[in-house]
>>> print(open('run_24.cif').read())   # mmCIF, C-alpha atoms, pLDDT in the B column; chains and numbers go by the auth columns
data_run
#
loop_
_atom_site.group_PDB
_atom_site.id
_atom_site.type_symbol
_atom_site.label_atom_id
_atom_site.label_comp_id
_atom_site.label_asym_id
_atom_site.label_seq_id
_atom_site.Cartn_x
_atom_site.Cartn_y
_atom_site.Cartn_z
_atom_site.B_iso_or_equiv
_atom_site.auth_seq_id
_atom_site.auth_asym_id
ATOM 1 C CA VAL A 1 3.947 -10.928 -15.527 85.00 1 A
ATOM 2 C CA PHE A 2 6.648 -8.697 -14.032 89.00 2 A
ATOM 3 C CA GLU A 3 9.307 -10.885 -15.650 88.00 3 A
ATOM 4 C CA VAL A 4 7.979 -10.602 -19.227 89.00 4 A
ATOM 5 C CA PRO A 5 5.187 -7.971 -19.328 91.00 5 A
ATOM 6 C CA LEU A 6 5.147 -7.832 -23.143 90.00 6 A
ATOM 7 C CA ARG A 7 3.753 -11.372 -23.253 89.00 7 A
ATOM 8 C CA PHE A 8 0.586 -10.206 -21.518 90.00 8 A
ATOM 9 C CA THR A 9 -2.169 -7.743 -22.347 90.00 9 A
ATOM 10 C CA GLY A 10 -2.585 -4.431 -20.573 90.00 10 A
ATOM 11 C CA LEU A 11 -5.492 -5.876 -18.578 91.00 11 A
ATOM 12 C CA GLU A 12 -3.317 -8.720 -17.305 91.00 12 A
ATOM 13 C CA ASN A 13 -0.492 -6.301 -16.483 93.00 13 A
ATOM 14 C CA LEU A 14 -2.933 -4.103 -14.565 93.00 14 A
ATOM 15 C CA PHE A 15 -4.237 -7.045 -12.549 91.00 15 A
ATOM 16 C CA ALA A 16 -0.639 -8.050 -11.801 93.00 16 A
ATOM 17 C CA VAL A 17 0.072 -4.580 -10.418 95.00 17 A
ATOM 18 C CA TYR A 18 -3.138 -4.526 -8.344 94.00 18 A
ATOM 19 C CA GLY A 19 -2.367 -8.041 -7.142 92.00 19 A
ATOM 20 C CA TYR A 20 1.198 -7.215 -6.102 94.00 20 A
ATOM 21 C CA ALA A 21 0.107 -4.117 -4.156 94.00 21 A
ATOM 22 C CA LEU A 22 -2.386 -6.275 -2.252 93.00 22 A
ATOM 23 C CA GLN A 23 0.157 -9.081 -1.801 91.00 23 A
ATOM 24 C CA ILE A 24 2.883 -6.913 -0.292 92.00 24 A
ATOM 25 C CA TYR A 25 0.361 -5.236 2.027 93.00 25 A
ATOM 26 C CA CYS A 26 -1.091 -8.565 3.226 89.00 26 A
ATOM 27 C CA ASP A 27 2.414 -10.031 3.542 88.00 27 A
ATOM 28 C CA PHE A 28 3.813 -7.200 5.643 89.00 28 A
ATOM 29 C CA SER A 29 0.668 -6.389 7.603 90.00 29 A
ATOM 30 C CA GLY A 30 0.028 -10.104 8.140 87.00 30 A
ATOM 31 C CA TYR A 31 3.296 -10.950 9.824 85.00 31 A
ATOM 32 C CA THR A 32 3.132 -7.680 11.777 90.00 32 A
ATOM 33 C CA ASP A 33 -0.297 -8.696 13.094 88.00 33 A
ATOM 34 C CA MET A 34 1.128 -12.119 13.987 87.00 34 A
ATOM 35 C CA ALA A 35 3.873 -10.422 16.000 89.00 35 A
ATOM 36 C CA ILE A 36 1.310 -8.201 17.735 90.00 36 A
ATOM 37 C CA GLY A 37 -0.855 -11.232 18.560 87.00 37 A
ATOM 38 C CA ILE A 38 2.060 -13.282 19.929 90.00 38 A
ATOM 39 C CA ALA A 39 3.158 -10.298 22.024 92.00 39 A
ATOM 40 C CA LEU A 40 -0.365 -10.024 23.467 88.00 40 A
ATOM 41 C CA LEU A 41 -0.239 -13.706 24.449 84.00 41 A
ATOM 42 C CA LEU A 42 2.961 -12.908 26.351 91.00 42 A
ATOM 43 C CA GLY A 43 1.388 -9.876 28.012 89.00 43 A
ATOM 44 C CA PHE A 44 2.942 -7.149 25.854 90.00 44 A
ATOM 45 C CA LYS A 45 1.083 -4.637 23.706 89.00 45 A
ATOM 46 C CA LEU A 46 2.875 -3.485 20.556 89.00 46 A
ATOM 47 C CA MET A 47 1.874 -0.456 18.514 89.00 47 A
ATOM 48 C CA ASP A 48 -0.296 -0.924 15.436 89.00 48 A
ATOM 49 C CA ASN A 49 1.850 -0.736 12.314 92.00 49 A
ATOM 50 C CA PHE A 50 -0.860 -0.326 9.668 94.00 50 A
ATOM 51 C CA ASN A 51 -4.089 1.646 9.557 93.00 51 A
ATOM 52 C CA TYR A 52 -5.929 0.943 6.290 93.00 52 A
ATOM 53 C CA PRO A 53 -3.169 2.484 4.120 95.00 53 A
ATOM 54 C CA PHE A 54 -5.108 2.175 0.853 96.00 54 A
ATOM 55 C CA LYS A 55 -7.800 4.447 2.301 95.00 55 A
ATOM 56 C CA ALA A 56 -5.297 7.317 2.424 96.00 56 A
ATOM 57 C CA ALA A 57 -6.405 10.586 0.834 95.00 57 A
ATOM 58 C CA SER A 58 -2.845 11.712 0.017 95.00 58 A
ATOM 59 C CA ILE A 59 0.688 10.324 -0.114 96.00 59 A
ATOM 60 C CA ALA A 60 1.426 12.015 3.224 95.00 60 A
ATOM 61 C CA ASP A 61 -1.671 10.349 4.673 96.00 61 A
ATOM 62 C CA PHE A 62 -0.503 7.020 3.229 97.00 62 A
ATOM 63 C CA TRP A 63 2.743 7.264 5.193 96.00 63 A
ATOM 64 C CA ARG A 64 0.783 7.996 8.357 95.00 64 A
ATOM 65 C CA ARG A 65 -0.964 4.652 7.789 95.00 65 A
ATOM 66 C CA TRP A 66 1.762 2.440 6.221 95.00 66 A
ATOM 67 C CA HIS A 67 4.624 0.902 8.265 92.00 67 A
ATOM 68 C CA ILE A 68 3.873 3.395 11.031 94.00 68 A
ATOM 69 C CA SER A 69 6.930 2.485 13.106 92.00 69 A
ATOM 70 C CA LEU A 70 9.302 3.190 10.192 90.00 70 A
ATOM 71 C CA SER A 71 7.383 6.348 9.247 93.00 71 A
ATOM 72 C CA LYS A 72 7.685 7.674 12.794 94.00 72 A
ATOM 73 C CA TRP A 73 11.417 6.895 12.872 94.00 73 A
ATOM 74 C CA LEU A 74 11.960 8.644 9.533 93.00 74 A
ATOM 75 C CA LEU A 75 9.975 11.650 10.777 93.00 75 A
ATOM 76 C CA ASP A 76 11.774 11.966 14.117 94.00 76 A
ATOM 77 C CA TYR A 77 15.350 11.131 13.123 94.00 77 A
ATOM 78 C CA LEU A 78 15.634 12.233 9.498 92.00 78 A
ATOM 79 C CA PHE A 79 12.928 14.609 8.334 94.00 79 A
ATOM 80 C CA LYS A 80 12.684 16.885 11.386 94.00 80 A
ATOM 81 C CA PRO A 81 16.466 17.400 11.861 94.00 81 A
ATOM 82 C CA ILE A 82 16.947 18.136 8.144 93.00 82 A
ATOM 83 C CA GLN A 83 13.890 20.398 8.126 92.00 83 A
ATOM 84 C CA MET A 84 15.227 22.364 11.101 92.00 84 A
ATOM 85 C CA SER A 85 18.634 22.726 9.440 91.00 85 A
ATOM 86 C CA ALA A 86 17.028 24.041 6.240 87.00 86 A
ATOM 87 C CA ARG A 87 14.200 26.058 7.839 84.00 87 A
ATOM 88 C CA SER A 88 15.558 29.319 6.389 85.00 88 A
ATOM 89 C CA LEU A 89 14.645 27.993 2.930 84.00 89 A
ATOM 90 C CA ARG A 90 10.945 27.803 3.935 85.00 90 A
ATOM 91 C CA VAL A 91 9.027 25.500 1.604 87.00 91 A
ATOM 92 C CA PHE A 92 12.213 24.535 -0.239 89.00 92 A
ATOM 93 C CA GLY A 93 13.638 23.422 3.092 91.00 93 A
ATOM 94 C CA ASN A 94 10.661 21.106 3.555 92.00 94 A
ATOM 95 C CA VAL A 95 11.089 19.793 0.019 93.00 95 A
ATOM 96 C CA THR A 96 14.790 19.144 0.614 94.00 96 A
ATOM 97 C CA ALA A 97 13.993 17.287 3.836 95.00 97 A
ATOM 98 C CA LEU A 98 11.311 15.204 2.111 95.00 98 A
ATOM 99 C CA LEU A 99 13.493 14.226 -0.846 95.00 99 A
ATOM 100 C CA ILE A 100 16.487 13.266 1.302 95.00 100 A
ATOM 101 C CA THR A 101 14.310 11.349 3.772 96.00 101 A
ATOM 102 C CA PHE A 102 12.581 9.272 1.109 96.00 102 A
ATOM 103 C CA LEU A 103 15.757 8.644 -0.861 94.00 103 A
ATOM 104 C CA ILE A 104 17.248 7.187 2.319 94.00 104 A
ATOM 105 C CA CYS A 105 14.021 5.244 2.865 94.00 105 A
ATOM 106 C CA GLY A 106 14.426 3.755 -0.607 92.00 106 A
ATOM 107 C CA ILE A 107 18.086 2.870 0.005 91.00 107 A
ATOM 108 C CA TRP A 108 17.079 1.257 3.320 87.00 108 A
ATOM 109 C CA HIS A 109 14.993 -1.214 1.312 85.00 109 A
ATOM 110 C CA GLY A 110 17.925 -1.980 -0.993 82.00 110 A
ATOM 111 C CA ALA A 111 20.621 -0.475 -3.193 75.00 111 A
ATOM 112 C CA GLY A 112 18.760 -1.306 -6.411 86.00 112 A
ATOM 113 C CA TRP A 113 17.561 1.500 -8.680 90.00 113 A
ATOM 114 C CA ASN A 114 13.949 0.372 -8.183 91.00 114 A
ATOM 115 C CA TYR A 115 14.024 1.021 -4.421 92.00 115 A
ATOM 116 C CA ILE A 116 15.791 4.355 -4.846 93.00 116 A
ATOM 117 C CA LEU A 117 13.335 5.453 -7.548 94.00 117 A
ATOM 118 C CA TRP A 118 10.430 4.244 -5.407 95.00 118 A
ATOM 119 C CA GLY A 119 11.627 6.420 -2.520 95.00 119 A
ATOM 120 C CA ALA A 120 12.272 9.365 -4.851 95.00 120 A
ATOM 121 C CA PHE A 121 8.767 9.013 -6.292 96.00 121 A
ATOM 122 C CA HIS A 122 7.150 9.286 -2.851 97.00 122 A
ATOM 123 C CA GLY A 123 9.356 12.226 -1.928 96.00 123 A
ATOM 124 C CA ALA A 124 8.554 13.976 -5.223 96.00 124 A
ATOM 125 C CA MET A 125 4.799 13.433 -4.847 96.00 125 A
ATOM 126 C CA MET A 126 4.801 14.855 -1.316 95.00 126 A
ATOM 127 C CA SER A 127 6.939 17.800 -2.442 95.00 127 A
ATOM 128 C CA PHE A 128 4.613 18.527 -5.362 95.00 128 A
ATOM 129 C CA SER A 129 1.666 18.421 -2.968 94.00 129 A
ATOM 130 C CA LEU A 130 3.350 21.090 -0.830 91.00 130 A
ATOM 131 C CA PHE A 131 3.827 23.411 -3.820 90.00 131 A
ATOM 132 C CA ILE A 132 0.201 23.185 -4.964 92.00 132 A
ATOM 133 C CA GLN A 133 -1.411 23.181 -1.515 90.00 133 A
ATOM 134 C CA LYS A 134 -2.700 26.781 -1.581 90.00 134 A
ATOM 135 C CA PRO A 135 -3.933 26.911 -5.214 92.00 135 A
ATOM 136 C CA ARG A 136 -5.481 23.466 -4.759 92.00 136 A
ATOM 137 C CA THR A 137 -7.432 24.616 -1.701 90.00 137 A
ATOM 138 C CA LYS A 138 -8.592 27.743 -3.557 92.00 138 A
ATOM 139 C CA LEU A 139 -9.729 25.637 -6.516 91.00 139 A
ATOM 140 C CA PHE A 140 -11.669 23.219 -4.312 91.00 140 A
ATOM 141 C CA THR A 141 -13.320 26.142 -2.520 91.00 141 A
ATOM 142 C CA LEU A 142 -14.212 27.786 -5.840 92.00 142 A
ATOM 143 C CA LEU A 143 -15.764 24.544 -7.083 89.00 143 A
ATOM 144 C CA LYS A 144 -17.545 24.139 -3.722 89.00 144 A
ATOM 145 C CA ILE A 145 -16.235 20.612 -3.271 91.00 145 A
ATOM 146 C CA ASN A 146 -13.928 21.238 -0.313 88.00 146 A
ATOM 147 C CA ASN A 147 -14.516 18.699 2.493 86.00 147 A
ATOM 148 C CA THR A 148 -17.168 16.868 0.455 92.00 148 A
ATOM 149 C CA ASN A 149 -17.584 13.098 0.188 92.00 149 A
ATOM 150 C CA PHE A 150 -17.049 13.386 -3.569 92.00 150 A
ATOM 151 C CA LEU A 151 -13.641 15.026 -3.081 93.00 151 A
ATOM 152 C CA LYS A 152 -12.634 12.509 -0.404 94.00 152 A
ATOM 153 C CA PHE A 153 -13.591 9.621 -2.711 94.00 153 A
ATOM 154 C CA PHE A 154 -11.621 11.125 -5.605 95.00 154 A
ATOM 155 C CA GLN A 155 -8.574 11.739 -3.404 96.00 155 A
ATOM 156 C CA VAL A 156 -8.615 8.171 -2.066 96.00 156 A
ATOM 157 C CA VAL A 157 -8.925 6.650 -5.565 96.00 157 A
ATOM 158 C CA PHE A 158 -6.206 8.934 -6.964 96.00 158 A
ATOM 159 C CA THR A 159 -3.819 8.282 -4.068 97.00 159 A
ATOM 160 C CA PHE A 160 -4.467 4.545 -4.261 96.00 160 A
ATOM 161 C CA HIS A 161 -3.385 4.466 -7.899 96.00 161 A
ATOM 162 C CA LEU A 162 -0.281 6.548 -7.168 97.00 162 A
ATOM 163 C CA VAL A 163 0.659 4.025 -4.475 97.00 163 A
ATOM 164 C CA VAL A 164 -0.066 1.072 -6.775 96.00 164 A
ATOM 165 C CA PHE A 165 2.135 2.663 -9.463 95.00 165 A
ATOM 166 C CA SER A 166 4.910 3.120 -6.908 96.00 166 A
ATOM 167 C CA PHE A 167 4.730 -0.577 -6.034 95.00 167 A
ATOM 168 C CA MET A 168 5.100 -1.387 -9.724 94.00 168 A
ATOM 169 C CA ILE A 169 8.417 0.505 -9.591 94.00 169 A
ATOM 170 C CA PHE A 170 9.284 -1.265 -6.326 93.00 170 A
ATOM 171 C CA LYS A 171 8.724 -4.732 -7.818 92.00 171 A
ATOM 172 C CA SER A 172 10.292 -4.217 -11.265 90.00 172 A
ATOM 173 C CA ASN A 173 13.817 -5.457 -11.931 86.00 173 A
ATOM 174 C CA ASP A 174 14.665 -2.558 -14.253 86.00 174 A
ATOM 175 C CA PHE A 175 13.172 0.613 -15.677 88.00 175 A
ATOM 176 C CA GLN A 176 12.423 -1.128 -18.980 90.00 176 A
ATOM 177 C CA THR A 177 9.947 -3.360 -17.141 92.00 177 A
ATOM 178 C CA VAL A 178 8.084 -0.292 -15.865 93.00 178 A
ATOM 179 C CA THR A 179 7.864 1.266 -19.330 93.00 179 A
ATOM 180 C CA ASP A 180 6.817 -2.065 -20.865 93.00 180 A
ATOM 181 C CA MET A 181 4.027 -2.543 -18.332 94.00 181 A
ATOM 182 C CA LEU A 182 2.772 1.016 -18.735 93.00 182 A
ATOM 183 C CA GLY A 183 2.950 0.663 -22.521 93.00 183 A
ATOM 184 C CA GLN A 184 0.872 -2.512 -22.423 93.00 184 A
ATOM 185 C CA ILE A 185 -1.703 -0.963 -20.068 92.00 185 A
ATOM 186 C CA ILE A 186 -2.052 2.212 -22.157 92.00 186 A
ATOM 187 C CA ASN A 187 -1.723 0.882 -25.711 91.00 187 A
ATOM 188 C CA PHE A 188 -2.727 -2.789 -25.572 87.00 188 A
ATOM 189 C CA PHE A 189 -5.297 -2.967 -22.782 87.00 189 A
ATOM 190 C CA HIS A 190 -7.708 -5.407 -24.516 85.00 190 A
ATOM 191 C CA GLY A 191 -10.549 -5.039 -22.029 81.00 191 A
ATOM 192 C CA GLU A 192 -12.592 -7.461 -24.122 83.00 192 A
ATOM 193 C CA ILE A 193 -10.689 -10.397 -22.581 83.00 193 A
ATOM 194 C CA PHE A 194 -11.892 -9.470 -19.071 84.00 194 A
ATOM 195 C CA PHE A 195 -14.303 -12.403 -18.803 86.00 195 A
ATOM 196 C CA GLN A 196 -11.756 -14.776 -20.340 86.00 196 A
ATOM 197 C CA PHE A 197 -9.308 -13.655 -17.662 84.00 197 A
ATOM 198 C CA ILE A 198 -11.858 -14.471 -14.937 86.00 198 A
ATOM 199 C CA GLU A 199 -12.546 -17.898 -16.460 86.00 199 A
ATOM 200 C CA ARG A 200 -8.829 -18.677 -16.719 86.00 200 A
ATOM 201 C CA LEU A 201 -7.807 -17.418 -13.272 85.00 201 A
ATOM 202 C CA PRO A 202 -10.986 -17.375 -11.136 88.00 202 A
ATOM 203 C CA VAL A 203 -9.243 -17.911 -7.784 84.00 203 A
ATOM 204 C CA ILE A 204 -6.772 -15.062 -8.329 85.00 204 A
ATOM 205 C CA PHE A 205 -9.559 -12.732 -9.452 88.00 205 A
ATOM 206 C CA ILE A 206 -11.745 -13.601 -6.442 89.00 206 A
ATOM 207 C CA LEU A 207 -8.857 -13.164 -3.989 86.00 207 A
ATOM 208 C CA ILE A 208 -7.954 -9.734 -5.403 90.00 208 A
ATOM 209 C CA VAL A 209 -11.579 -8.558 -5.327 90.00 209 A
ATOM 210 C CA LEU A 210 -12.210 -9.893 -1.805 90.00 210 A
ATOM 211 C CA GLY A 211 -8.904 -8.501 -0.548 90.00 211 A
ATOM 212 C CA TYR A 212 -9.698 -4.966 -1.649 92.00 212 A
ATOM 213 C CA LEU A 213 -13.363 -5.297 -0.676 92.00 213 A
ATOM 214 C CA PHE A 214 -12.490 -6.190 2.911 88.00 214 A
ATOM 215 C CA HIS A 215 -9.885 -3.432 3.052 90.00 215 A
ATOM 216 C CA PHE A 216 -12.280 -0.713 1.885 91.00 216 A
ATOM 217 C CA LEU A 217 -15.152 -1.718 4.172 89.00 217 A
ATOM 218 C CA PRO A 218 -16.003 0.958 6.778 87.00 218 A
ATOM 219 C CA ASN A 219 -13.781 0.726 9.861 85.00 219 A
ATOM 220 C CA LYS A 220 -16.825 0.152 12.064 87.00 220 A
ATOM 221 C CA VAL A 221 -17.386 -3.211 10.336 88.00 221 A
ATOM 222 C CA GLU A 222 -14.077 -4.514 11.726 83.00 222 A
ATOM 223 C CA THR A 223 -14.885 -3.070 15.145 86.00 223 A
ATOM 224 C CA TYR A 224 -18.285 -4.790 15.115 90.00 224 A
ATOM 225 C CA ALA A 225 -16.776 -8.103 13.945 87.00 225 A
ATOM 226 C CA LEU A 226 -14.127 -7.919 16.676 85.00 226 A
ATOM 227 C CA LYS A 227 -16.829 -7.436 19.310 90.00 227 A
ATOM 228 C CA ILE A 228 -18.695 -10.487 18.013 91.00 228 A
ATOM 229 C CA VAL A 229 -15.562 -12.677 18.055 88.00 229 A
ATOM 230 C CA THR A 230 -14.595 -11.446 21.531 88.00 230 A
ATOM 231 C CA ALA A 231 -18.075 -12.283 22.841 91.00 231 A
ATOM 232 C CA LEU A 232 -17.969 -15.865 21.494 88.00 232 A
ATOM 233 C CA PRO A 233 -17.696 -18.683 24.040 90.00 233 A
ATOM 234 C CA LEU A 234 -14.482 -20.700 24.100 90.00 234 A
ATOM 235 C CA ALA A 235 -15.998 -23.435 21.926 92.00 235 A
ATOM 236 C CA GLY A 236 -17.050 -20.860 19.326 90.00 236 A
ATOM 237 C CA LYS A 237 -13.562 -19.371 19.228 89.00 237 A
ATOM 238 C CA ALA A 238 -12.072 -22.852 18.826 92.00 238 A
ATOM 239 C CA VAL A 239 -14.357 -23.567 15.857 93.00 239 A
ATOM 240 C CA LEU A 240 -13.476 -20.213 14.288 90.00 240 A
ATOM 241 C CA LEU A 241 -9.760 -20.911 14.749 88.00 241 A
ATOM 242 C CA ALA A 242 -10.176 -24.342 13.157 93.00 242 A
ATOM 243 C CA ILE A 243 -11.891 -22.757 10.135 91.00 243 A
ATOM 244 C CA VAL A 244 -9.078 -20.216 9.739 85.00 244 A
ATOM 245 C CA ILE A 245 -6.445 -22.986 9.939 87.00 245 A
ATOM 246 C CA TRP A 246 -8.365 -25.078 7.389 87.00 246 A
ATOM 247 C CA ILE A 247 -8.529 -22.139 4.950 80.00 247 A
ATOM 248 C CA ALA A 248 -4.809 -21.473 5.428 78.00 248 A
ATOM 249 C CA VAL A 249 -4.007 -25.128 4.688 80.00 249 A
ATOM 250 C CA GLN A 250 -6.128 -25.063 1.515 75.00 250 A
ATOM 251 C CA PHE A 251 -4.140 -22.146 0.125 70.00 251 A
ATOM 252 C CA LYS A 252 -0.784 -23.367 1.412 68.00 252 A
ATOM 253 C CA SER A 253 1.938 -23.628 -1.200 62.00 253 A
ATOM 254 C CA ALA A 254 3.948 -26.829 -1.551 56.00 254 A
ATOM 255 C CA ASP A 255 7.082 -24.746 -0.996 62.00 255 A
ATOM 256 C CA ILE A 256 7.801 -22.664 2.074 60.00 256 A
ATOM 257 C CA LEU A 257 7.602 -19.064 0.879 65.00 257 A
ATOM 258 C CA PRO A 258 9.397 -16.452 3.012 64.00 258 A
ATOM 259 C CA PHE A 259 7.700 -13.163 3.803 64.00 259 A
ATOM 260 C CA ILE A 260 8.477 -10.576 1.132 65.00 260 A
ATOM 261 C CA TYR A 261 9.545 -7.966 3.678 61.00 261 A
ATOM 262 C CA PHE A 262 11.993 -10.314 5.415 59.00 262 A
ATOM 263 C CA GLN A 263 14.591 -9.311 2.820 62.00 263 A
ATOM 264 C CA PHE A 264 14.538 -5.667 3.949 57.00 264 A
#
>>> encode(input="run_24.cif", output="structure tokens")
Amino acid sequence: VFEVPLRFTGLENLFAVYGYALQIYCDFSGYTDMAIGIALLLGFKLMDNFNYPFKAASIADFWRRWHISLSKWLLDYLFKPIQMSARSLRVFGNVTALLITFLICGIWHGAGWNYILWGAFHGAMMSFSLFIQKPRTKLFTLLKINNTNFLKFFQVVFTFHLVVFSFMIFKSNDFQTVTDMLGQIINFFHGEIFFQFIERLPVIFILIVLGYLFHFLPNKVETYALKIVTALPLAGKAVLLAIVIWIAVQFKSADILPFIYFQF
């Protein structure tokens, strides 16, 4: 879809964007978890690198949850020194530090315009959030929705779609692809083919739905599941491992596919 978005409806383009956001998260988080698990087998404990990033209530919150090791490095060695150097500019100093930090973050991923624009987008969104922080808080207080579940839900959904849009930029080969995909989604959505899409690509649809469903489950569900697995006898753990291996084999591609993030 990303290669020729105009051949597909807006609905199909939207599913491609949702699917890619989930794919890159599972890809990166997956091999990070593998590294953490192997380190534990060797007696080392590595820091967690992801913390339910799609549950973030803001772009700043997203970066506290996504690629935490890189985020911490960017904060300590880029943002803070630049912020201190430009502290006399007050909020504009913070904005300058944010924009420079995320532009460098984009370039770190690659010299292509898509990575640079992706970094600039995140820096711009965080800068905009700084500018509207006070009036936004006043508005929420006036509407009596500050710190409510409704507001938290809205913020999570809004932030999620900002992040998904940023990954569309990240994945696209050129800016024309981004405009084509957005044009299809806005002008040629064709929601009436939804059930046809499910019939044609049932496995992809189910994987996307299950992927996001598991991600947005309450954190205590994972904690409870971990306790159950930990309490299993050795035979039970062996059976569970065999099931996981069997599922992995069923979905295995004929070709060896490298991790997406290995190129960065």
>>> closest_atom_pairs(input="run_24.cif", of="range 15-35 of chain A", to="range 43-47 of chain A", cutoff="12 Å", atoms="only C-alpha atoms", output="Markdown table")
| residue | atom | partner | partner_atom | distance |
| --- | --- | --- | --- | --- |
| A:Thr32 | CA | A:Leu46 | CA | 9.7 |
| A:Asp33 | CA | A:Leu46 | CA | 9.6 |
| A:Met34 | CA | A:Leu46 | CA | 11.0 |
| A:Ala35 | CA | A:Leu46 | CA | 8.4 |
>>> write_last_selection(input="run_24.cif", atoms="C-alpha atoms", output="mmCIF file, keeping the file's coordinate frame")
data_model
loop_
_atom_site.group_PDB
_atom_site.id
_atom_site.type_symbol
_atom_site.label_atom_id
_atom_site.label_comp_id
_atom_site.auth_asym_id
_atom_site.auth_seq_id
_atom_site.Cartn_x
_atom_site.Cartn_y
_atom_site.Cartn_z
ATOM 1 C CA THR A 32 3.132 -7.680 11.777
ATOM 2 C CA ASP A 33 -0.297 -8.696 13.094
ATOM 3 C CA MET A 34 1.128 -12.119 13.987
ATOM 4 C CA ALA A 35 3.873 -10.422 16.000
#
>>> atom_distance(input="run_24.cif", atom1="CA of Lys80 in chain A", atom2="CA of Leu99 in chain A")
12.5 Å
>>> resolve_selection(input="run_24.cif", expression="the PyMOL selection byres ((chain A and resi 130-143) around 12)", output="MDAnalysis selection string")
chainID A and resid 58:60 90:96 98 123:129 144:148 150:152 155
>>> closest_residue(input="run_24.cif", among="A:Phe189, A:Tyr212, A:Tyr115, A:Phe160", to="Leu6 in chain A", atoms="all atoms listed in the file")
A:Phe189
>>> closest_residue(input="run_24.cif", among="A:Pro5, A:Gly10, A:Ala57, A:Leu201", to="Asn149 in chain A", atoms="only C-alpha atoms")
A:Ala57
>>> atom_distance(input="run_24.cif", atom1="CA of Phe50 in chain A", atom2="CA of Ser69 in chain A")
9.0 Å
>>> atom_distance(input="run_24.cif", atom1="CA of Ser29 in chain A", atom2="CA of Pro81 in chain A")
28.9 Å
